[in-house]
Every structure is written in C-alpha cells, then in structure tokens.
>>> print(open('target.txt').read())   # compact mmCIF, C-alpha atoms and all ligand atoms
# COMPACT_ATOMS: atom_id res chain seq x y z
CA MET L 206 -8.31 -9.82 -100.89
CA TYR L 207 -10.39 -8.30 -98.06
CA LEU L 208 -13.80 -9.99 -97.65
CA LYS L 209 -16.60 -8.84 -95.37
CA PRO L 210 -19.44 -11.41 -95.43
CA LYS L 211 -22.85 -10.36 -94.11
CA ASN L 212 -23.90 -13.61 -92.47
CA LEU L 213 -22.49 -16.88 -91.15
CA HIS L 214 -23.40 -18.80 -94.30
CA GLU L 215 -21.53 -16.32 -96.50
CA ALA L 216 -18.61 -16.29 -94.05
CA VAL L 217 -18.07 -20.06 -93.99
CA SER L 218 -18.43 -20.15 -97.80
CA ALA L 219 -15.83 -17.38 -98.10
CA LEU L 220 -13.48 -19.26 -95.80
CA ALA L 221 -13.93 -22.51 -97.71
CA ALA L 222 -13.29 -20.75 -101.03
CA SER L 223 -10.45 -18.43 -100.02
CA GLY L 224 -8.70 -20.25 -97.18
CA GLY L 225 -8.37 -16.76 -95.69
CA GLN L 226 -7.65 -15.70 -92.14
CA ILE L 227 -10.46 -14.60 -89.84
CA LEU L 228 -10.49 -11.05 -88.51
CA ALA L 229 -12.78 -10.24 -85.56
CA GLY L 230 -11.87 -7.40 -83.13
CA GLY L 231 -8.33 -7.41 -84.49
CA THR L 232 -6.77 -6.88 -81.05
CA ASP L 233 -4.61 -10.01 -81.40
CA PHE L 234 -4.65 -10.17 -85.20
CA TYR L 235 -2.98 -6.81 -85.88
CA PRO L 236 -0.34 -6.88 -83.11
CA ALA L 237 0.71 -10.35 -84.36
CA LEU L 238 1.36 -8.88 -87.83
CA GLY L 239 3.73 -6.22 -86.58
CA GLU L 240 4.92 -4.23 -89.61
CA ARG L 241 3.90 -6.94 -92.09
CA LEU L 242 0.78 -7.01 -94.26
CA PRO L 243 -1.56 -10.01 -93.95
CA GLN L 244 -0.61 -12.90 -96.21
CA GLY L 245 -3.54 -14.19 -98.28
CA ASP L 246 -7.20 -13.26 -97.94
CA VAL L 247 -8.74 -11.72 -94.84
CA VAL L 248 -12.31 -12.65 -93.89
CA ASP L 249 -13.65 -9.89 -91.63
CA ILE L 250 -16.51 -11.39 -89.59
CA THR L 251 -17.53 -8.21 -87.76
CA ALA L 252 -20.77 -7.86 -89.76
CA LEU L 253 -22.12 -11.22 -88.51
CA GLY L 254 -24.64 -9.74 -86.08
CA GLU L 255 -26.35 -13.13 -85.84
CA ILE L 256 -23.44 -14.55 -83.80
CA ARG L 257 -23.10 -11.61 -81.42
CA GLY L 258 -24.68 -11.59 -77.96
CA ILE L 259 -25.62 -13.96 -75.14
CA SER L 260 -28.78 -16.05 -74.96
CA ALA L 261 -30.03 -18.87 -72.78
CA ASP L 262 -32.45 -21.77 -72.84
CA LYS L 263 -33.20 -24.20 -70.03
CA ASP L 264 -30.02 -26.24 -70.60
CA TRP L 265 -27.37 -23.89 -72.00
CA PHE L 266 -26.02 -20.36 -72.15
CA ARG L 267 -24.80 -19.40 -75.60
CA ILE L 268 -22.13 -16.74 -76.06
CA GLY L 269 -22.06 -15.92 -79.76
CA GLY L 270 -18.72 -15.97 -81.56
CA LEU L 271 -18.68 -12.21 -82.08
CA THR L 272 -19.59 -11.30 -78.49
CA THR L 273 -17.17 -8.74 -77.06
CA TRP L 274 -15.83 -8.54 -73.53
CA THR L 275 -17.94 -5.42 -73.00
CA ASP L 276 -21.03 -7.42 -74.03
CA VAL L 277 -20.12 -10.00 -71.34
CA ILE L 278 -19.65 -7.30 -68.70
CA ARG L 279 -23.02 -5.72 -69.53
CA ALA L 280 -25.03 -8.94 -69.78
CA LYS L 281 -27.35 -10.05 -66.99
CA LEU L 282 -25.88 -13.40 -66.02
CA PRO L 283 -26.06 -15.69 -62.97
CA ARG L 284 -23.49 -15.78 -60.16
CA SER L 285 -21.52 -18.58 -61.77
CA PHE L 286 -20.46 -16.05 -64.44
CA ASP L 287 -18.93 -13.62 -61.92
CA ALA L 288 -15.47 -15.07 -62.65
CA LEU L 289 -15.92 -14.60 -66.41
CA LYS L 290 -17.14 -11.03 -65.88
CA ALA L 291 -14.17 -10.29 -63.63
CA ALA L 292 -11.84 -11.70 -66.30
CA ALA L 293 -13.59 -9.56 -68.95
CA ARG L 294 -12.81 -6.43 -66.92
CA GLU L 295 -9.12 -7.48 -66.84
CA VAL L 296 -8.73 -7.87 -70.63
CA GLY L 297 -6.51 -4.93 -71.61
CA SER L 298 -8.47 -1.71 -71.28
CA VAL L 299 -12.03 -0.58 -71.96
CA GLN L 300 -11.10 0.10 -75.60
CA ILE L 301 -9.77 -3.46 -76.00
CA GLN L 302 -12.85 -4.87 -74.24
CA ASN L 303 -15.09 -2.97 -76.68
CA ARG L 304 -13.41 -4.56 -79.72
CA GLY L 305 -11.97 -7.87 -78.46
CA THR L 306 -14.18 -10.94 -78.59
CA VAL L 307 -14.41 -14.00 -76.37
CA ALA L 308 -13.98 -16.27 -79.42
CA GLY L 309 -10.90 -14.34 -80.58
CA ASN L 310 -9.35 -14.83 -77.14
CA LEU L 311 -9.95 -18.61 -77.36
CA CYS L 312 -8.84 -19.00 -80.99
CA ASN L 313 -5.66 -17.01 -80.38
CA ALA L 314 -4.94 -19.63 -77.70
CA SER L 315 -2.41 -17.70 -75.66
CA PRO L 316 -1.42 -19.49 -72.44
CA ALA L 317 -2.22 -16.13 -70.78
CA ALA L 318 -5.70 -15.67 -72.30
CA ASP L 319 -7.84 -14.30 -69.48
CA GLY L 320 -11.03 -15.87 -70.76
CA VAL L 321 -9.83 -19.45 -70.58
CA PRO L 322 -9.69 -20.28 -66.81
CA PRO L 323 -13.24 -19.00 -66.10
CA LEU L 324 -14.62 -20.77 -69.16
CA LEU L 325 -12.86 -24.02 -68.18
CA ALA L 326 -14.41 -23.67 -64.73
CA LEU L 327 -17.81 -23.22 -66.42
CA ASP L 328 -17.21 -26.48 -68.36
CA ALA L 329 -17.62 -24.54 -71.61
CA GLU L 330 -17.87 -26.14 -75.03
CA VAL L 331 -17.18 -24.53 -78.39
CA GLU L 332 -19.29 -24.72 -81.54
CA LEU L 333 -17.32 -24.70 -84.78
CA SER L 334 -19.10 -23.97 -88.06
CA SER L 335 -17.82 -24.65 -91.56
CA ALA L 336 -19.52 -24.97 -94.95
CA ALA L 337 -19.47 -28.74 -94.44
CA GLU L 338 -20.68 -29.16 -90.85
CA THR L 339 -21.19 -27.79 -87.36
CA ARG L 340 -19.32 -29.63 -84.62
CA ARG L 341 -18.93 -29.20 -80.88
CA MET L 342 -16.23 -30.07 -78.40
CA PRO L 343 -15.24 -29.20 -74.82
CA LEU L 344 -13.02 -26.12 -74.55
CA SER L 345 -10.50 -28.30 -72.71
CA LYS L 346 -10.11 -30.42 -75.88
CA PHE L 347 -10.24 -27.44 -78.27
CA LEU L 348 -7.12 -25.87 -76.74
CA THR L 349 -4.21 -28.15 -77.52
CA GLY L 350 -1.15 -26.01 -76.77
CA ASN L 351 0.52 -22.63 -76.92
CA ARG L 352 -1.32 -20.91 -79.86
CA LYS L 353 -2.70 -24.28 -80.94
CA THR L 354 -6.33 -25.35 -81.20
CA MET L 355 -8.43 -28.03 -82.88
CA ARG L 356 -9.96 -25.40 -85.21
CA ARG L 357 -9.64 -26.25 -88.89
CA PRO L 358 -8.78 -23.30 -91.18
CA ASP L 359 -12.29 -23.39 -92.71
CA GLU L 360 -14.08 -23.16 -89.34
CA ILE L 361 -15.52 -20.20 -87.45
CA LEU L 362 -15.95 -20.45 -83.71
CA ALA L 363 -19.66 -19.60 -83.86
CA ALA L 364 -20.49 -19.93 -80.15
CA VAL L 365 -19.26 -20.80 -76.70
CA LEU L 366 -21.79 -22.99 -74.87
CA ILE L 367 -22.08 -23.24 -71.12
CA PRO L 368 -24.17 -25.94 -69.47
CA ARG L 369 -26.62 -24.80 -66.80
CA GLY L 370 -26.85 -26.51 -63.44
CA MET L 371 -24.17 -24.45 -61.70
CA ASP L 372 -26.01 -21.11 -62.14
CA ASP L 373 -26.04 -20.35 -58.41
CA ALA L 374 -22.44 -21.39 -57.81
CA ILE L 375 -20.14 -18.73 -56.40
CA SER L 376 -17.23 -17.86 -58.63
CA THR L 377 -14.26 -15.56 -58.65
CA PHE L 378 -11.24 -14.70 -60.81
CA LEU L 379 -7.87 -13.43 -59.63
CA LYS L 380 -5.07 -12.25 -61.90
CA LEU L 381 -1.53 -11.48 -60.87
CA GLY L 382 0.58 -9.24 -63.10
CA ALA L 383 3.63 -7.06 -62.65
CA ARG L 384 1.36 -3.99 -62.44
CA ARG L 385 -2.35 -3.44 -61.83
CA TYR L 386 -3.70 -2.56 -65.32
CA LEU L 387 -3.04 -3.47 -68.97
CA VAL L 388 -0.91 -6.43 -68.09
CA ILE L 389 -0.28 -9.98 -69.21
CA SER L 390 -0.66 -12.25 -66.25
CA ILE L 391 2.03 -14.12 -64.33
CA SER L 392 -0.68 -16.41 -63.03
CA MET L 393 -4.46 -16.30 -62.88
CA VAL L 394 -7.06 -18.42 -61.15
CA ALA L 395 -10.78 -18.97 -61.63
CA ALA L 396 -12.62 -20.76 -58.82
CA MET L 397 -16.24 -21.85 -58.65
CA VAL L 398 -17.96 -23.52 -55.71
CA ARG L 399 -21.50 -24.84 -55.32
CA PRO L 400 -22.45 -25.48 -51.72
CA ASP L 401 -25.04 -28.05 -50.62
CA GLU L 402 -27.91 -27.36 -48.19
CA THR L 403 -25.72 -28.25 -45.18
CA GLY L 404 -23.14 -25.59 -46.08
CA CYS L 405 -20.55 -28.04 -47.40
CA VAL L 406 -18.94 -28.06 -50.85
CA ALA L 407 -21.12 -30.02 -53.29
CA GLU L 408 -18.94 -29.26 -56.32
CA ALA L 409 -15.78 -27.21 -56.86
CA ARG L 410 -13.92 -26.20 -59.99
CA VAL L 411 -10.55 -24.48 -60.04
CA ALA L 412 -8.57 -23.52 -63.15
CA VAL L 413 -5.14 -21.90 -63.38
CA GLY L 414 -3.83 -19.99 -66.40
CA SER L 415 -0.41 -18.69 -67.51
CA CYS L 416 1.34 -21.59 -65.80
CA SER L 417 1.25 -24.19 -68.59
CA ALA L 418 0.83 -24.20 -72.37
CA THR L 419 -2.93 -24.19 -71.81
CA ALA L 420 -4.81 -23.33 -68.61
CA GLN L 421 -5.44 -26.36 -66.41
CA ARG L 422 -8.22 -27.52 -64.11
CA LEU L 423 -6.93 -28.77 -60.74
CA THR L 424 -9.10 -31.89 -60.60
CA GLY L 425 -7.28 -33.40 -57.60
CA LEU L 426 -7.98 -30.29 -55.54
CA GLU L 427 -11.57 -30.13 -56.82
CA ALA L 428 -12.22 -33.67 -55.58
CA ALA L 429 -10.52 -32.98 -52.24
CA LEU L 430 -12.78 -29.96 -51.62
CA VAL L 431 -16.06 -31.87 -51.96
CA GLY L 432 -17.75 -32.41 -48.59
CA ARG L 433 -15.62 -29.83 -46.75
CA PRO L 434 -17.38 -27.03 -44.87
CA PHE L 435 -17.67 -24.11 -47.27
CA LYS L 436 -16.51 -21.35 -44.97
CA SER L 437 -13.52 -19.24 -44.06
CA GLY L 438 -10.49 -21.49 -43.65
CA ILE L 439 -11.30 -23.60 -46.73
CA ALA L 440 -7.93 -22.54 -48.17
CA GLY L 441 -6.33 -24.88 -45.63
CA ALA L 442 -7.42 -27.77 -47.88
CA VAL L 443 -5.15 -26.60 -50.71
CA LYS L 444 -1.86 -28.53 -50.85
CA PRO L 445 1.09 -27.67 -53.15
CA GLU L 446 1.00 -31.14 -54.73
CA GLN L 447 -2.53 -30.45 -56.04
CA LEU L 448 -0.92 -27.92 -58.39
CA SER L 449 1.50 -30.48 -59.82
CA VAL L 450 -0.39 -30.55 -63.17
CA LEU L 451 1.00 -27.06 -63.82
CA SER L 452 4.22 -26.71 -65.81
CA PRO L 453 5.20 -23.05 -65.48
CA ILE L 454 8.18 -21.67 -67.39
CA ASP L 455 10.77 -18.98 -66.70
CA ASP L 456 10.16 -15.94 -68.91
CA VAL L 457 10.44 -12.16 -68.87
CA ARG L 458 7.44 -11.87 -66.55
CA ALA L 459 8.43 -14.34 -63.81
CA THR L 460 10.37 -17.45 -62.94
CA ALA L 461 8.71 -20.85 -62.87
CA VAL L 462 9.33 -21.11 -59.12
CA TYR L 463 7.66 -17.76 -58.49
CA ARG L 464 4.71 -18.68 -60.72
CA ARG L 465 4.13 -21.94 -58.83
CA ASP L 466 4.29 -20.19 -55.48
CA ALA L 467 2.05 -17.32 -56.63
CA SER L 468 -0.48 -19.78 -58.05
CA LEU L 469 -0.75 -21.58 -54.73
CA THR L 470 -1.45 -18.28 -53.00
CA LEU L 471 -3.97 -17.21 -55.67
CA VAL L 472 -5.86 -20.53 -55.48
CA ARG L 473 -6.11 -20.21 -51.69
CA ARG L 474 -7.24 -16.58 -51.93
CA ALA L 475 -9.79 -17.38 -54.63
CA LEU L 476 -11.39 -20.09 -52.48
CA GLU L 477 -11.45 -17.80 -49.43
CA ASP L 478 -13.06 -15.08 -51.59
CA CYS L 479 -15.76 -17.54 -52.68
CA ALA L 480 -16.44 -18.57 -49.06
CA ARG L 481 -16.65 -14.92 -47.99
CA SER L 482 -19.23 -14.06 -50.65
CA LEU L 483 -21.56 -16.97 -49.71
C1 LIG M 501 -3.23 -3.57 -75.65
C2 LIG M 501 -3.76 -4.98 -75.56
C3 LIG M 501 -3.99 -5.52 -74.30
C4 LIG M 501 -4.49 -6.83 -74.19
N1 LIG M 501 -4.69 -7.34 -72.94
C5 LIG M 501 -5.17 -8.59 -72.81
C6 LIG M 501 -5.37 -9.13 -71.52
O1 LIG M 501 -5.17 -8.48 -70.49
N2 LIG M 501 -5.84 -10.41 -71.44
C7 LIG M 501 -6.10 -11.16 -72.54
O2 LIG M 501 -6.52 -12.31 -72.41
N3 LIG M 501 -5.91 -10.67 -73.79
C8 LIG M 501 -5.45 -9.40 -73.94
N4 LIG M 501 -5.24 -8.90 -75.21
C9 LIG M 501 -5.48 -9.75 -76.35
C10 LIG M 501 -6.87 -9.61 -77.05
O3 LIG M 501 -7.45 -8.34 -76.79
C11 LIG M 501 -7.89 -10.69 -76.64
O4 LIG M 501 -7.34 -11.98 -76.80
C12 LIG M 501 -9.18 -10.57 -77.48
O5 LIG M 501 -10.20 -11.29 -76.83
C13 LIG M 501 -9.02 -11.08 -78.91
O6 LIG M 501 -10.26 -10.95 -79.59
P1 LIG M 501 -10.36 -10.29 -81.04
O7 LIG M 501 -11.80 -10.32 -81.43
O8 LIG M 501 -9.71 -8.96 -81.09
O9 LIG M 501 -9.55 -11.34 -81.91
P2 LIG M 501 -8.77 -11.08 -83.31
O10 LIG M 501 -7.53 -10.31 -83.06
O11 LIG M 501 -9.70 -10.57 -84.34
O12 LIG M 501 -8.41 -12.61 -83.66
C14 LIG M 501 -7.54 -13.36 -82.85
C15 LIG M 501 -7.31 -14.73 -83.51
O13 LIG M 501 -8.49 -15.52 -83.45
C16 LIG M 501 -9.01 -15.80 -84.76
N5 LIG M 501 -10.45 -15.61 -84.63
C17 LIG M 501 -11.10 -14.52 -84.12
N6 LIG M 501 -12.42 -14.76 -84.03
C18 LIG M 501 -12.62 -16.00 -84.49
C19 LIG M 501 -13.78 -16.83 -84.64
N7 LIG M 501 -15.01 -16.43 -84.26
N8 LIG M 501 -13.63 -18.08 -85.16
C20 LIG M 501 -12.39 -18.53 -85.50
N9 LIG M 501 -11.26 -17.80 -85.39
C21 LIG M 501 -11.37 -16.54 -84.87
C22 LIG M 501 -8.31 -14.82 -85.70
O14 LIG M 501 -8.15 -15.36 -86.99
C23 LIG M 501 -6.98 -14.63 -84.99
O15 LIG M 501 -6.12 -15.71 -85.31
C24 LIG M 501 -4.76 -7.60 -75.36
C25 LIG M 501 -4.52 -7.03 -76.63
C26 LIG M 501 -4.03 -5.73 -76.73
C27 LIG M 501 -3.79 -5.14 -78.09
>>> encode(input="target.txt", output="structure tokens")
Amino acid sequence: MYLKPKNLHEAVSALAASGGQILAGGTDFYPALGERLPQGDVVDITALGEIRGISADKDWFRIGGLTTWTDVIRAKLPRSFDALKAAAREVGSVQIQNRGTVAGNLCNASPAADGVPPLLALDAEVELSSAAETRRMPLSKFLTGNRKTMRRPDEILAAVLIPRGMDDAISTFLKLGARRYLVISISMVAAMVRPDETGCVAEARVAVGSCSATAQRLTGLEAALVGRPFKSGIAGAVKPEQLSVLSPIDDVRATAVYRRDASLTLVRRALEDCARSL
C-alpha cells in the first residue's frame, strides 16, 4: 500500500502500523529498487511540511528531516556551514539537489554520502521520532557501518541538530572523483577551524569520507593542530599516521593505496584553503 501522511504524527503512526519503508526524495530509494517493485508498504513523507527547512535558536541549528540540498544551498547560514553548502552543491546535479534530502543521505548511510563529513565536522546530532518516543544521538553514533544506522524501522529522522559555538569557524569541503560532475567520490574531506584572538588554532575538526565504512573524524590530527599558527603552511602539520583511522578499500573507483594518498593531499589542501580564507 502507498501511504502519504499529512503530518509527522500521522507519519509515525503509519510507520508503526504498517512497518513500511520511508520514501522522501526517492533519489536513493528508487535506484536501489532497480527493476523491482517495493516490497511492503511505502510511507511517502514528502507532505510533512512541518519538518522541512532550517531554523535556529541561541543554542542549536535545526535542519528538518525533509530539508533538501537546494534548501541548504539557499539558506542564510554562518561560515561554519560553508563546508555543508559546498557538499550540497556536489550532490549529483541540480535536479537531484532539488529532490534529495539531507536526512535521506544520512539514512541511506552510504560510505560515500557527501553530507556526512561536513555534518560530522559540525558535531551534528540526529533526532529520531516514532509513535513511542523522540530520541537524539550524535551522528557519529547513528552511522554504524556501510548502509547501517541506529534507526529503528518505526522511526523518522525528524531533524539534524547542530550545536552553535563554532558559527564563525572557517570551513571547507573537497571531493575527489574520477570526473568533475555527477560523481561518487574516491575521497572527500571536510575541515573546520576556529582561530583564537592571537591567530592560532583554537579548535579544528577534520572528517574524511569514502575511505572507511563510515566517514571518520581525524581526532589525532585535530588535537595536533590546536595552538599552531593558523596561516599558510598549516598543512605541514598533517602527518600520514594521523590518517591511520581510515580503512579504505580497493573498488572500481580507486585502490586503497590511492585513496589513502589522495586523502592525505585533500586534508592538507582543505586546511590550506581554510587558512587562505581567514
Ligand atoms: C544521479 C544521482 C546522483 C547522486 N549523486 C550523489 C552524490 O554526488 N553524493 C551523494 O552523497 N549522494 C548522491 N546521490 C544519492 C542521493 O541523491 C542522496 O543520498 C540524497 O540525499 C538522498 O535523499 P532522498 O530524500 O532522495 O532519500 P530517499 O531516496 O527518499 O531515501 C533514502 C533512504 O533513506 C530513508 N529515509 C529518507 N528520509 C528519511 C527520514 N527522514 N527518516 C528516516 N528514513 C529516511 C529511505 O527509507 C531510504 O532508505 C545521487 C543519486 C542519484 C540518483
């Protein structure tokens, strides 16, 4: 059965009753089906206007679960979101960005999901709603593996929440693919740096995607960057061993060795880009 609830309450009730699959923009949902028809009920959440759009209070930004990549690109957001906006512009094409949602990208949980590294760098959390409860968890805990998340079948990812406090941080996103457009990445990097009043790094966050089952923060590198002068040459602080948390694989797009090498270069470039745009 095809169900199209009009609000979140109806949607979580429909999910609880039907055990159906959620359909948002459909840009991962339909390609995954191939020639097959969906098995079981489909709960189309595209009428849930109440969970679309971006809002903010003094502590959090809230990206509603039906917010599209185009909505992200068009929203007025602080500098710390530059990486997420850059990633949004890399998701497929304009047509895909108009339909595809941030929440769909996270729930699909591809190792190559462009939204994940910038949202990890933003320390994002996810809000999961079901008929029984609303719960929250860090995005880093929500993503548990290749196409695996902590989402229960009766839950809708209702919002992505981003803590404030890094609003003025400088951020960037770099994606390497085999061609310039409409490409699944070989590696991608989101970097975010907040300088202190002396021009040194007060806080740094670096996340790498497509090089492990889920994108990873490079916490060793992040710690090593703190206190360093935030200026051209900062890439010299990046050592290959700080990328050892990555576990790239050989596949049709690249070898593991190439991915590791490319990631090192991308991390260095991303940090230099941040320093240049200070
Ligand atoms: C041609 C093409 C190019 C693409 N290029 C890229 C790319 O460059 N980078 C990239 O990262 N992705 C890319 N994608 C993948 C896709 O566009 C994105 O992952 C998109 O963000 C998915 O969002 P959606 O709303 O379409 O999700 P859907 O396809 O509707 O759903 C995806 C999965 O998430 C679940 N789901 C969706 N919303 C929710 C919710 N709110 N709560 C719980 N579960 C939910 C669905 O049940 C489904 O399992 C591409 C896809 C196509 C077809």
>>> atom_distance(input="target.txt", atom1="CA of Ala291 (chain L)", atom2="CA of Trp274 (chain L)")
10.2 Å
>>> atom_distance(input="target.txt", atom1="CA of Ala407 (chain L)", atom2="CA of Asp478 (chain L)")
17.1 Å
>>> closest_residue(input="target.txt", among="L:Thr275, L:Ser437, L:Ser468, L:Thr306", to="ligand LIG 501 (chain M)", atoms="only C-alpha atoms and all ligand atoms")
L:Thr306
>>> closest_residue(input="target.txt", among="L:Val247, L:Leu253, L:Leu220, L:Ala480", to="Glu360 (chain L)", atoms="all atoms listed in the file")
L:Leu220
>>> residues_around(input="target.txt", residues="region 475-477 of chain L", least_positions_apart="5", cutoff="8 Å", atoms="only C-alpha atoms", output="JSON list (two decimals) with C-alpha atoms, in the frame of the given file")
[["chain", "number", "residue", "atom", "x", "y", "z"],
["L", 377, "THR", "CA", -14.26, -15.56, -58.65],
["L", 378, "PHE", "CA", -11.24, -14.70, -60.81],
["L", 379, "LEU", "CA", -7.87, -13.43, -59.63],
["L", 394, "VAL", "CA", -7.06, -18.42, -61.15],
["L", 395, "ALA", "CA", -10.78, -18.97, -61.63],
["L", 396, "ALA", "CA", -12.62, -20.76, -58.82],
["L", 436, "LYS", "CA", -16.51, -21.35, -44.97],
["L", 437, "SER", "CA", -13.52, -19.24, -44.06],
["L", 438, "GLY", "CA", -10.49, -21.49, -43.65],
["L", 439, "ILE", "CA", -11.30, -23.60, -46.73],
["L", 440, "ALA", "CA", -7.93, -22.54, -48.17]]
>>> residues_near_point(input="target.txt", point="(-0.7, -14.7, -72.2)", cutoff="10 Å", atoms="only C-alpha atoms", output="number ranges by chain")
L: 310, 313-319, 351-352, 388-392, 414-416, 418-419
>>> closest_residue(input="target.txt", among="L:Arg257, L:Arg340, L:His214, L:Arg458", to="Ala383 (chain L)", atoms="all atoms listed in the file")
L:Arg458
>>> closest_residue(input="target.txt", among="L:Leu362, L:Met393, L:Leu238, L:Leu451", to="ligand LIG 501 (chain M)", atoms="all atoms listed in the file")
L:Leu362
>>> atom_distance(input="target.txt", atom1="CA of Ile361 (chain L)", atom2="atom C9 of ligand LIG 501 (chain M)")
18.3 Å
>>> closest_residue(input="target.txt", among="L:Arg464, L:Arg279, L:Arg267, L:Arg356", to="ligand LIG 501 (chain M)", atoms="only C-alpha atoms and all ligand atoms")
L:Arg356
>>> closest_residue(input="target.txt", among="L:Val365, L:Gln226, L:Leu289, L:Arg384", to="Thr272 (chain L)", atoms="only C-alpha atoms")
L:Val365
>>> residues_around(input="target.txt", residues="Ala261 (chain L)", least_positions_apart="4", cutoff="12 Å", atoms="only C-alpha atoms", output="number ranges by chain")
L: 265-269, 280-283, 365-369, 372
>>> residues_around(input="target.txt", residues="Leu426 (chain L)", least_positions_apart="2", cutoff="12 Å", atoms="only C-alpha atoms", output="compact mmCIF listing (two decimals) with C-alpha atoms, in the frame of the given file")
# COMPACT_ATOMS: atom_id res chain seq x y z
CA ALA L 396 -12.62 -20.76 -58.82
CA GLU L 408 -18.94 -29.26 -56.32
CA ALA L 409 -15.78 -27.21 -56.86
CA ARG L 410 -13.92 -26.20 -59.99
CA VAL L 411 -10.55 -24.48 -60.04
CA ALA L 412 -8.57 -23.52 -63.15
CA VAL L 413 -5.14 -21.90 -63.38
CA GLN L 421 -5.44 -26.36 -66.41
CA ARG L 422 -8.22 -27.52 -64.11
CA LEU L 423 -6.93 -28.77 -60.74
CA THR L 424 -9.10 -31.89 -60.60
CA ALA L 428 -12.22 -33.67 -55.58
CA ALA L 429 -10.52 -32.98 -52.24
CA LEU L 430 -12.78 -29.96 -51.62
CA VAL L 431 -16.06 -31.87 -51.96
CA ARG L 433 -15.62 -29.83 -46.75
CA ILE L 439 -11.30 -23.60 -46.73
CA ALA L 440 -7.93 -22.54 -48.17
CA GLY L 441 -6.33 -24.88 -45.63
CA ALA L 442 -7.42 -27.77 -47.88
CA VAL L 443 -5.15 -26.60 -50.71
CA LYS L 444 -1.86 -28.53 -50.85
CA PRO L 445 1.09 -27.67 -53.15
CA GLU L 446 1.00 -31.14 -54.73
CA GLN L 447 -2.53 -30.45 -56.04
CA LEU L 448 -0.92 -27.92 -58.39
CA SER L 449 1.50 -30.48 -59.82
CA VAL L 450 -0.39 -30.55 -63.17
CA LEU L 469 -0.75 -21.58 -54.73
CA VAL L 472 -5.86 -20.53 -55.48
CA ARG L 473 -6.11 -20.21 -51.69
CA LEU L 476 -11.39 -20.09 -52.48
>>> residues_near_point(input="target.txt", point="(-21.1, -27.9, -45.7)", cutoff="8 Å", atoms="only C-alpha atoms", output="MDAnalysis selection string")
chainID L and resid 400:407 432:435
>>> axis_aligned_box(input="target.txt", around="region 363-378 of chain L", padding_each_side="5 Å", output="AutoDock Vina command-line options")
--center_x -19.0 --center_y -20.6 --center_z -70.1 --size_x 25.6 --size_y 21.8 --size_z 37.5
